[in-house]
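S.K.: Data file model-v9.txt (compact mmCIF, C-alpha atoms) is appended below.
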```txt
# COMPACT_ATOMS: atom_id res chain seq x y z
CA LEU A 1 18.43 12.09 -23.04
CA MET A 2 15.26 14.10 -22.50
CA CYS A 3 14.77 15.32 -18.95
CA ASN A 4 11.89 17.29 -17.46
CA ASP A 5 12.60 20.44 -15.44
CA ALA A 6 12.23 18.80 -12.02
CA ASN A 7 14.52 15.90 -12.96
CA ALA A 8 17.10 18.31 -14.38
CA ALA A 9 16.89 20.35 -11.17
CA ALA A 10 17.36 17.18 -9.11
CA ILE A 11 20.55 16.35 -11.00
CA GLY A 12 21.77 19.94 -10.55
CA GLU A 13 21.07 19.97 -6.80
CA HIS A 14 22.68 16.53 -6.47
CA TRP A 15 25.79 17.68 -8.30
CA LEU A 16 26.44 21.19 -6.92
CA GLY A 17 23.50 22.17 -4.70
CA GLY A 18 21.69 21.12 -1.54
CA GLY A 19 22.39 17.43 -2.20
CA ALA A 20 26.08 17.76 -3.14
CA GLY A 21 28.20 14.95 -1.75
CA CYS A 22 25.24 12.57 -1.45
CA ASP A 23 24.84 9.35 -3.38
CA SER A 24 21.03 9.47 -3.44
CA ILE A 25 18.62 12.38 -2.95
CA LEU A 26 14.96 13.20 -3.15
CA LEU A 27 14.29 16.67 -4.56
CA ILE A 28 10.80 18.01 -3.99
CA THR A 29 9.93 21.22 -5.83
CA LEU A 30 7.17 23.40 -4.44
CA GLY A 31 6.03 25.79 -7.13
CA THR A 32 2.74 26.34 -8.95
CA GLY A 33 2.49 22.56 -8.62
CA VAL A 34 4.57 20.02 -6.72
CA GLY A 35 7.18 18.13 -8.66
CA GLY A 36 10.36 16.36 -7.87
CA GLY A 37 13.15 14.11 -8.88
CA ILE A 38 14.78 11.02 -7.43
CA VAL A 39 18.52 10.59 -7.86
CA TYR A 40 19.58 7.07 -6.89
CA ASN A 41 23.20 5.92 -7.09
CA GLY A 42 23.95 9.16 -8.93
CA ARG A 43 21.35 8.57 -11.66
CA ILE A 44 17.87 10.01 -12.17
CA LEU A 45 14.99 7.57 -11.70
CA HIS A 46 12.69 8.01 -14.70
CA GLY A 47 10.45 5.01 -14.12
CA SER A 48 8.76 2.80 -16.73
CA HIS A 49 6.32 5.52 -17.82
CA GLY A 50 8.46 8.61 -17.21
CA ALA A 51 6.54 9.32 -14.00
CA GLY A 52 9.41 8.71 -11.57
CA GLY A 53 9.46 11.54 -9.03
CA GLU A 54 5.88 12.77 -9.60
CA LEU A 55 5.66 13.50 -5.89
CA GLY A 56 2.82 15.97 -6.21
CA HIS A 57 0.42 13.15 -6.92
CA ILE A 58 0.95 11.02 -3.83
CA CYS A 59 -2.43 10.80 -2.10
CA VAL A 60 -2.10 12.32 1.37
CA GLU A 61 -5.79 13.05 2.06
CA PRO A 62 -8.19 10.41 0.73
CA GLY A 63 -11.23 12.29 2.09
CA GLU A 64 -10.60 15.41 -0.04
CA SER A 65 -13.70 16.50 -1.97
CA ASP A 66 -11.93 18.95 -4.32
CA ALA A 67 -10.24 17.42 -7.35
CA CYS A 68 -6.57 17.92 -8.10
CA GLY A 69 -5.60 19.10 -11.58
CA CYS A 70 -4.72 15.47 -12.35
CA GLY A 71 -8.31 14.40 -11.63
CA ASN A 72 -7.56 12.52 -8.41
CA HIS A 73 -8.43 13.75 -4.91
CA GLY A 74 -6.17 14.55 -1.97
CA CYS A 75 -2.86 14.87 -3.85
CA LEU A 76 0.12 16.45 -2.08
CA GLU A 77 0.04 19.21 -4.71
CA GLN A 78 -3.35 20.37 -3.36
CA TYR A 79 -1.77 21.31 -0.01
CA CYS A 80 1.89 22.14 -0.62
CA SER A 81 2.10 23.99 -3.95
CA ALA A 82 1.83 27.78 -4.07
CA THR A 83 -1.73 27.42 -5.41
CA GLY A 84 -2.50 24.76 -2.80
CA ILE A 85 -1.37 27.01 0.06
CA SER A 86 -3.50 29.86 -1.36
CA ARG A 87 -6.46 27.45 -1.48
CA LEU A 88 -5.90 26.44 2.18
CA ALA A 89 -5.73 30.13 3.12
CA ARG A 90 -9.06 30.85 1.40
CA LYS A 91 -10.66 27.89 3.17
CA ALA A 92 -9.30 29.20 6.49
CA GLY A 93 -10.93 32.59 5.87
CA LEU A 94 -7.83 34.59 4.98
CA GLY A 95 -9.18 35.65 1.58
CA SER A 96 -7.23 35.59 -1.64
CA LEU A 97 -3.54 35.56 -0.71
CA SER A 98 -0.41 34.32 -2.43
CA SER A 99 1.59 31.62 -0.65
CA ARG A 100 4.31 34.23 -0.07
CA ASP A 101 1.76 36.45 1.72
CA VAL A 102 0.58 33.51 3.82
CA PHE A 103 4.15 32.79 4.96
CA ALA A 104 4.79 36.50 5.63
CA LEU A 105 1.65 36.72 7.79
CA ALA A 106 2.58 33.50 9.60
CA GLU A 107 6.08 34.79 10.35
CA ALA A 108 4.53 38.03 11.63
CA GLY A 109 2.47 36.00 14.11
CA ASN A 110 -0.94 35.73 12.44
CA GLU A 111 -2.38 32.57 14.01
CA THR A 112 -4.66 31.65 11.10
CA ALA A 113 -1.81 31.96 8.60
CA LEU A 114 0.44 29.97 10.92
CA SER A 115 -2.17 27.20 11.12
CA VAL A 116 -2.27 27.10 7.28
CA VAL A 117 1.54 26.84 7.12
CA GLU A 118 1.55 24.12 9.79
CA LEU A 119 -1.12 22.14 7.92
CA SER A 120 0.72 22.44 4.61
CA CYS A 121 4.02 21.39 6.23
CA ASP A 122 2.30 18.46 7.95
CA TYR A 123 1.16 17.16 4.56
CA LEU A 124 4.62 17.83 3.13
CA GLY A 125 6.32 15.87 5.91
CA ARG A 126 3.89 13.00 5.39
CA GLY A 127 4.56 12.91 1.65
CA ILE A 128 8.33 13.01 2.14
CA ALA A 129 8.14 10.22 4.74
CA THR A 130 6.17 8.07 2.29
CA VAL A 131 8.81 8.40 -0.44
CA CYS A 132 11.73 7.95 1.97
CA ALA A 133 10.24 4.63 3.12
CA VAL A 134 10.45 3.47 -0.50
CA PHE A 135 14.07 4.32 -1.39
CA ASP A 136 15.78 5.71 1.74
CA PRO A 137 17.78 8.65 0.28
CA ASP A 138 20.86 10.24 1.86
CA ALA A 139 19.06 13.59 1.95
CA VAL A 140 15.83 15.34 1.01
CA VAL A 141 16.16 18.70 -0.75
CA ILE A 142 13.24 21.16 -0.87
CA GLY A 143 13.25 23.57 -3.81
CA GLY A 144 10.86 25.63 -5.92
CA GLY A 145 9.42 29.10 -5.29
CA VAL A 146 7.70 28.17 -2.02
CA SER A 147 11.07 27.10 -0.59
CA ARG A 148 12.04 30.79 -0.47
CA ALA A 149 10.23 30.74 2.90
CA GLY A 150 13.52 29.19 4.00
CA GLU A 151 14.11 27.86 7.48
CA PHE A 152 10.54 28.75 8.56
CA LEU A 153 9.31 26.14 6.07
CA ARG A 154 12.22 23.67 6.30
CA MET A 155 12.03 23.29 10.08
CA ARG A 156 8.27 22.63 10.06
CA ALA A 157 8.53 20.16 7.19
CA GLU A 158 11.35 18.37 9.00
CA ASN A 159 9.36 18.17 12.25
CA ALA A 160 6.40 16.66 10.40
CA PHE A 161 8.69 14.28 8.50
CA ARG A 162 10.21 13.01 11.78
CA LYS A 163 6.68 12.39 13.10
CA TYR A 164 5.66 10.24 10.11
CA ALA A 165 8.96 8.68 9.01
CA PHE A 166 9.78 4.99 9.27
CA HIS A 167 12.24 4.71 12.18
CA ALA A 168 15.23 3.76 9.99
CA CYS A 169 14.75 6.93 7.88
CA ARG A 170 13.96 9.36 10.70
CA SER A 171 17.41 10.99 10.79
CA THR A 172 17.46 11.74 7.03
CA PRO A 173 18.45 15.42 6.68
CA ILE A 174 15.88 17.79 5.17
CA CYS A 175 17.77 20.57 3.36
CA LEU A 176 16.92 23.59 1.24
CA ALA A 177 17.89 23.74 -2.42
CA THR A 178 20.72 26.19 -3.06
CA LEU A 179 20.80 26.67 -6.84
CA GLY A 180 17.45 28.44 -7.25
CA ASN A 181 16.20 28.81 -10.82
CA ASP A 182 19.62 27.72 -12.14
CA ALA A 183 19.27 24.14 -10.83
CA GLY A 184 17.91 22.87 -14.16
CA ILE A 185 20.72 24.58 -16.11
CA TYR A 186 23.33 22.88 -13.90
CA GLY A 187 21.46 19.61 -14.23
CA ASN A 188 21.36 19.74 -18.03
CA ALA A 189 25.05 20.65 -18.10
CA ARG A 190 25.77 17.62 -15.90
CA ILE A 191 23.68 15.35 -18.15
CA ALA A 192 25.62 16.59 -21.20
CA MET A 193 28.91 15.89 -19.40
CA LEU A 194 27.83 12.36 -18.51
CA GLU A 195 26.54 11.61 -22.02
CA THR A 196 29.82 12.54 -23.74
```
Output the structure of this file as structure tokens.
M.R.:
Amino acid sequence: LMCNDANAAAIGEHWLGGGAGCDSILLITLGTGVGGGIVYNGRILHGSHGAGGELGHICVEPGESDACGCGNHGCLEQYCSATGISRLARKAGLGSLSSRDVFALAEAGNETALSVVELSCDYLGRGIATVCAVFDPDAVVIGGGVSRAGEFLRMRAENAFRKYAFHACRSTPICLATLGNDAGIYGNARIAMLET
């Protein structure tokens, strides 16, 4: 069974990481882009066209003038990926900064950087709430390089999620991934175990 990196990571996090012990999870990976994987009843959701879990391309801002890499406008990826956060920082007048620098400035109390982080997390919470209304997972796991911002990111994403979530899903835990770059390795190992 072929599995893309985000789906493999989702299986890994479901098995031994941030979603261990859950039946169903949503993994959202915040890296250069925004990806993800949906594990439902212990199995990855591929979808009819292999696009299951393409969370980065949920439209969260229909009025966006800039195009996403996919050609659409207002995709989650434009606000929550590392490149998206850098873009928001430039638009806010912070110059050319990496997402890591934006988070560091925000944690140090820079109000402009904090407003960028809050905006990004607001979009993230909205996107997560949208997906949770569709399949109601046991937990949401945030991974990818941007998730290294840790609790500073998780707490803000969770607050935004609670604001936008359908009432039945509002208590869904938002967790951080724990396997780091090894999530996909664990996931592929798990797939091999299940296939044999």
S.K.: Which value, in Å to one decimal, gives the distance between CA of Gly63 (chain A) and CA of Glu118 (chain A)?
M.R.: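 Atom-to-atom, CA of Gly63 (chain A) and CA of Glu118 (chain A) are spaced 19.0 Å apart.
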S.K.: Can you list, as an NGL selection string, every protein, DNA or RNA residue that comes within 10 Å of Ser171 (chain A) when you count only C-alpha atoms, leaving out same-chain residues fewer than 2 positions away?
M.R.: :A and (138-139 or 158 or 161-162 or 165-169 or 173-174)
S.K.: For Gly35 (chain A), list every protein, DNA or RNA residue within 6 Å, evaluated using all atoms listed in the file, and leave out those in the same chain fewer than 5 positions away; present the list as a PyMOL selection string.
M.R.: chain A and resi 28-29+54-56
S.K.: Could you check which of A:Asp101, A:Leu94, A:Thr196, A:Ile191 is closest to Ile11 (chain A), using all atoms listed in the file?
M.R.: A:Ile191
S.K.: What's the separation between CA of Gly143 (chain A) and CA of Leu30 (chain A), in Å to one decimal place?
M.R.: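 Atom-to-atom, CA of Gly143 (chain A) to CA of Leu30 (chain A), that is 6.1 Å.
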S.K.: Excluding Cys22 (chain A) and its own-chain neighbours fewer than 6 positions away, which residues fall within 10 Å of it when counting all atoms listed in the file? Please give them as a list of chain:residue names.
M.R.: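 Near Cys22 (chain A), the qualifying residues are A:His14, A:Trp15, A:Val39, A:Tyr40, A:Asn41, A:Gly42, A:Pro137, A:Asp138, A:Ala139.
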S.K.: Would you mind telling me which residue in A:Glu107, A:Asp182, A:Glu77, A:Glu64 lies nearest to Ala9 (chain A) when using all atoms listed in the file?
M.R.: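 Checking each candidate against Ala9 (chain A), we get A:Asp182 as the closest.
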S.K.: Considering all atoms listed in the file, state which residue in the set A:Gly53, A:Gly74, A:Asp66, A:Gly184 is at the smallest distance from Lys91 (chain A).
M.R.: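 Answer, going by the shortest atom-to-atom distance: A:Asp66.
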S.K.: Which one of A:Gly71, A:Gly12, A:Gly84, A:Gly180 sits closest to Ser120 (chain A) if you count all atoms listed in the file?
M.R.: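 Going through A:Gly71, A:Gly12, A:Gly84, A:Gly180 one by one, the smallest distance to Ser120 (chain A) is for A:Gly84.
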